Each structure stands twice: as structure tokens, then as C-alpha cells.
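Student: Below is the file model11.cif, which contains mmCIF, C-alpha atoms.
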data_coords
loop_
_atom_site.group_PDB
_atom_site.id
_atom_site.type_symbol
_atom_site.label_atom_id
_atom_site.label_comp_id
_atom_site.auth_asym_id
_atom_site.auth_seq_id
_atom_site.Cartn_x
_atom_site.Cartn_y
_atom_site.Cartn_z
ATOM 1 C CA MET A 1 -16.421 44.011 19.166
ATOM 2 C CA LEU A 2 -13.220 45.731 20.199
ATOM 3 C CA LEU A 3 -11.402 42.460 20.773
ATOM 4 C CA ARG A 4 -12.271 41.272 17.301
ATOM 5 C CA ALA A 5 -11.301 44.637 15.743
ATOM 6 C CA SER A 6 -7.969 44.772 17.554
ATOM 7 C CA GLY A 7 -7.206 41.240 16.406
ATOM 8 C CA GLU A 8 -7.959 42.175 12.811
ATOM 9 C CA MET A 9 -5.662 45.209 13.100
ATOM 10 C CA GLU A 10 -2.876 42.851 14.180
ATOM 11 C CA GLY A 11 -3.694 40.374 11.418
ATOM 12 C CA THR A 12 -5.003 37.787 13.894
ATOM 13 C CA ARG A 13 -8.277 35.948 13.332
ATOM 14 C CA LEU A 14 -10.083 35.627 16.640
ATOM 15 C CA ASP A 15 -12.829 33.070 17.172
ATOM 16 C CA LEU A 16 -15.034 34.625 19.821
ATOM 17 C CA ALA A 17 -17.420 31.657 19.741
ATOM 18 C CA LEU A 18 -15.492 30.209 22.651
ATOM 19 C CA VAL A 19 -17.335 32.663 24.904
ATOM 20 C CA ASN A 20 -20.343 30.349 24.589
ATOM 21 C CA GLY A 21 -18.581 27.677 26.587
ATOM 22 C CA PRO A 22 -15.336 25.849 27.118
ATOM 23 C CA THR A 23 -14.072 24.246 23.956
ATOM 24 C CA GLY A 24 -10.476 23.647 24.926
ATOM 25 C CA ALA A 25 -9.508 26.090 22.182
ATOM 26 C CA ASP A 26 -7.990 29.495 22.846
ATOM 27 C CA GLY A 27 -9.970 31.377 20.187
ATOM 28 C CA GLY A 28 -6.776 33.032 19.014
ATOM 29 C CA VAL A 29 -6.430 34.850 22.339
ATOM 30 C CA ALA A 30 -3.345 34.273 24.477
ATOM 31 C CA HIS A 31 -4.409 31.950 27.305
ATOM 32 C CA GLY A 32 -7.976 32.027 25.909
ATOM 33 C CA ALA A 33 -9.015 28.559 27.071
ATOM 34 C CA ALA A 34 -7.696 29.207 30.584
ATOM 35 C CA LEU A 35 -9.448 32.570 30.689
ATOM 36 C CA VAL A 36 -12.771 31.011 29.674
ATOM 37 C CA ASP A 37 -12.345 28.267 32.282
ATOM 38 C CA PHE A 38 -11.696 30.885 34.965
ATOM 39 C CA VAL A 39 -14.638 33.091 33.953
ATOM 40 C CA ASP A 40 -16.963 30.078 33.900
ATOM 41 C CA ALA A 41 -15.766 29.082 37.366
ATOM 42 C CA ALA A 42 -16.014 32.633 38.707
ATOM 43 C CA MET A 43 -19.598 32.921 37.441
ATOM 44 C CA GLY A 44 -20.474 29.430 38.663
ATOM 45 C CA ASP A 45 -21.494 28.163 42.072
ATOM 46 C CA ASP A 46 -18.665 25.772 42.956
ATOM 47 C CA PRO A 47 -16.184 27.520 45.275
ATOM 48 C CA ALA A 48 -13.698 24.653 44.994
ATOM 49 C CA GLU A 49 -13.649 24.890 41.181
ATOM 50 C CA THR A 50 -13.312 28.665 41.388
ATOM 51 C CA GLY A 51 -10.326 28.193 43.700
ATOM 52 C CA ARG A 52 -8.702 25.671 41.355
ATOM 53 C CA GLN A 53 -9.164 27.878 38.310
ATOM 54 C CA ARG A 54 -8.001 30.963 40.229
ATOM 55 C CA ALA A 55 -4.782 29.261 41.293
ATOM 56 C CA ALA A 56 -4.148 27.856 37.805
ATOM 57 C CA LEU A 57 -4.692 31.163 36.013
ATOM 58 C CA ARG A 58 -2.697 33.157 38.555
ATOM 59 C CA ALA A 59 0.224 30.746 38.209
ATOM 60 C CA ARG A 60 0.032 31.010 34.422
ATOM 61 C CA LEU A 61 -0.332 34.809 34.137
ATOM 62 C CA GLY A 62 1.420 36.138 37.223
ATOM 63 C CA ASP A 63 -0.051 38.416 39.867
ATOM 64 C CA ALA A 64 -0.367 41.675 37.900
ATOM 65 C CA ALA A 65 -2.101 40.157 34.862
ATOM 66 C CA PHE A 66 -4.337 38.055 37.110
ATOM 67 C CA VAL A 67 -5.504 41.183 38.943
ATOM 68 C CA ASP A 68 -6.216 42.813 35.569
ATOM 69 C CA VAL A 69 -8.335 39.823 34.522
ATOM 70 C CA CYS A 70 -10.311 39.972 37.769
ATOM 71 C CA ALA A 71 -10.850 43.725 37.369
ATOM 72 C CA VAL A 72 -12.207 43.249 33.838
ATOM 73 C CA ILE A 73 -14.575 40.500 35.014
ATOM 74 C CA GLY A 74 -15.812 42.643 37.896
ATOM 75 C CA ALA A 75 -16.245 45.756 35.777
ATOM 76 C CA PHE A 76 -18.116 43.909 33.041
ATOM 77 C CA GLU A 77 -20.343 42.143 35.557
ATOM 78 C CA ILE A 78 -21.439 45.374 37.252
ATOM 79 C CA VAL A 79 -21.863 47.394 34.045
ATOM 80 C CA ASP A 80 -23.835 44.563 32.449
ATOM 81 C CA ARG A 81 -26.110 44.244 35.490
ATOM 82 C CA ILE A 82 -26.779 47.984 35.567
ATOM 83 C CA ALA A 83 -27.575 48.060 31.850
ATOM 84 C CA ASP A 84 -29.899 45.061 32.164
ATOM 85 C CA ALA A 85 -31.643 46.377 35.284
ATOM 86 C CA THR A 86 -32.320 49.771 33.766
ATOM 87 C CA GLY A 87 -33.276 48.431 30.338
ATOM 88 C CA ILE A 88 -30.620 50.347 28.436
ATOM 89 C CA PRO A 89 -30.856 49.446 24.741
ATOM 90 C CA LEU A 90 -27.897 49.138 22.430
ATOM 91 C CA ASP A 91 -26.963 52.401 20.776
ATOM 92 C CA ASP A 92 -27.938 52.454 17.111
ATOM 93 C CA PHE A 93 -24.318 52.537 15.940
ATOM 94 C CA MET A 94 -23.436 49.502 18.096
ATOM 95 C CA ARG A 95 -26.533 47.617 16.984
ATOM 96 C CA ASP A 96 -25.639 48.254 13.347
ATOM 97 C CA ARG A 97 -21.930 47.435 13.728
ATOM 98 C CA THR A 98 -22.370 44.270 15.795
ATOM 99 C CA GLY A 99 -25.298 42.509 14.121
ATOM 100 C CA GLU A 100 -23.236 39.735 12.557
ATOM 101 C CA LEU A 101 -21.238 39.116 15.730
ATOM 102 C CA ARG A 102 -24.356 39.079 17.933
ATOM 103 C CA SER A 103 -25.973 36.612 15.571
ATOM 104 C CA GLU A 104 -22.866 34.422 15.442
ATOM 105 C CA LEU A 105 -22.747 34.277 19.236
ATOM 106 C CA GLY A 106 -26.504 33.808 19.622
ATOM 107 C CA LEU A 107 -26.869 36.802 21.924
ATOM 108 C CA ALA A 108 -30.569 37.254 21.161
ATOM 109 C CA ARG A 109 -31.226 34.267 23.430
ATOM 110 C CA PHE A 110 -30.513 36.401 26.504
ATOM 111 C CA ALA A 111 -33.398 38.223 28.179
ATOM 112 C CA SER A 112 -31.591 41.574 27.974
ATOM 113 C CA ALA A 113 -31.855 41.437 24.164
ATOM 114 C CA ALA A 114 -35.484 42.466 24.612
ATOM 115 C CA ASN A 115 -34.231 45.944 25.582
ATOM 116 C CA THR A 116 -33.278 46.468 21.932
ATOM 117 C CA PRO A 117 -36.074 44.857 19.883
ATOM 118 C CA GLU A 118 -34.237 45.306 16.556
ATOM 119 C CA ALA A 119 -31.204 43.575 18.086
ATOM 120 C CA ALA A 120 -33.263 40.739 19.512
ATOM 121 C CA ALA A 121 -34.393 39.844 16.000
ATOM 122 C CA SER A 122 -30.766 39.511 14.823
#
Using C-alpha cells, write down the structure that the file contains.

Tutor:
Amino acid sequence: MLLRASGEMEGTRLDLALVNGPTGADGGVAHGAALVDFVDAAMGDDPAETGRQRAALRARLGDAAFVDVCAVIGAFEIVDRIADATGIPLDDFMRDRTGELRSELGLARFASAANTPEAAAS
């Protein structure tokens, strides 16, 4: 949500559909395709591919930005797991503001959508 809103504020159209899998496109995000490739590798189970993507992204972004990317991945992963494990539903204002985006990305297909029944129907 925030990424899309910040892009609109800058007059940039972001295509967040690339989060559903590598497309080779950048989605309007600087280094977007490389970021998706790295996230997919980091969440995958092939250590060699993770190493390749890590080296490629680090070379492209530099050390400081690479560390930032890893911190965001780690923070999202832990917050998402906690929310899923405890069954935290979407807040009403987020459910209402993100319906179109959630539908566009097909987020209702994930088990955690059941925590917010109105959102799962979107």
C-alpha cells in the first residue's frame, strides 16, 4: 500500500503484480526485477541460488543498500509470521483501503486471509 502511494505521490505508476513471481520486469521500482529475484531466492530452498542472487544484488546496490534490503526482508518475515500465528486480522481501515490491491494481487489465496473473513472474500 505505502509503496504504491509513494509512487503515486512522485507521479510514478508502480505495477506491484511482480510480487507474484519473477516477470523480468521491474514494476516501476528501481532494481525491481533483481529485488524480486533475490527475495524469491532468499525464501526458497536452494542455497546456491540464494548465494548467486545475494552476490548479484549486493554488487548492483552496494553494501549499505543491500543490508537495508535484507533488514526489510527479515522484518517483514518475522512480523508476517507473528501476525499469521496469532490470527491478527486486518484493521478495518486497512481492509477498506486495500481491497482493490489485495484483489489485484490475489492475496485471498493465502491461508492467513481467513483471519479477516471480509478480506478473504475480496

Student: May I have the residues within 10 Å of Asn115 of chain A as a PyMOL selection string, using all atoms listed in the file and disregarding those fewer than 5 positions away in the same chain?

Tutor: chain A and resi 83-84+86-90+120

Student: Which one of A:Val69, A:Val79, A:Met94, A:Leu16 sits closest to Leu57 of chain A if you count all atoms listed in the file?

Tutor: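 The shortest atom-to-atom distance to Leu57 of chain A comes from A:Val69.
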
Student: Atom CA of Pro117 of chain A and atom CA of Phe93 of chain A, how far apart in Å?

Tutor: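 Atom-to-atom, atom CA of Phe93 of chain A to atom CA of Pro117 of chain A, that is 14.6 Å.
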
Student: Tell me which of A:Ala17, A:Val36, A:Val72, A:Met9 sits closest to Leu105 of chain A, counting only C-alpha atoms.

Tutor: A:Ala17

Student: Starting from 8 Å padding per side, set up an axis-aligned box that covers all listed atoms of segment 14-33 of chain A and hand over centre and edge lengths in Å, one decimal, as AutoDock Vina command-line options.

Tutor:
--center_x -11.8 --center_y 29.6 --center_z 22.0 --size_x 33.0 --size_y 28.0 --size_z 26.7

Student: When the PyMOL selection byres ((chain A and resi 34) around 12) is applied to the file above, which residues end up in the set, as a VMD selection string?

Tutor: chain A and resid 18 to 19 21 to 27 29 to 33 35 to 41 52 to 61 66 69

Student: List, as a ChimeraX atom specification, every residue that the PyMOL selection byres ((chain A and resi 107) around 12) selects in the file provided.

Tutor: /A:17,19-20,95,98-106,108-114,116,119-122

Student: Just how far from atom CA of Glu118 of chain A is atom CA of Ile82 of chain A, in Å to one decimal?

Tutor: 20.6 Å

Student: Using atom CA of Thr12 of chain A and atom CA of Ala64 of chain A as the two end points, give the distance in Å to one decimal.

Tutor: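 Atom-to-atom, atom CA of Thr12 of chain A to atom CA of Ala64 of chain A, that is 24.8 Å.
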
Student: I'd like to know which of A:Gly44, A:Gly51, A:Gly74, A:Gly11 is closest to Gly28 of chain A, using all atoms listed in the file.

Tutor: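 Selected residue with least distance to Gly28 of chain A: A:Gly11.
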
Student: Determine the nearest neighbour of Glu77 of chain A from the options A:Glu10, A:Arg97, A:Ala42, A:Asp63, counting all atoms listed in the file.

Tutor: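 Nearest candidate to Glu77 of chain A out of A:Glu10, A:Arg97, A:Ala42, A:Asp63: A:Ala42.
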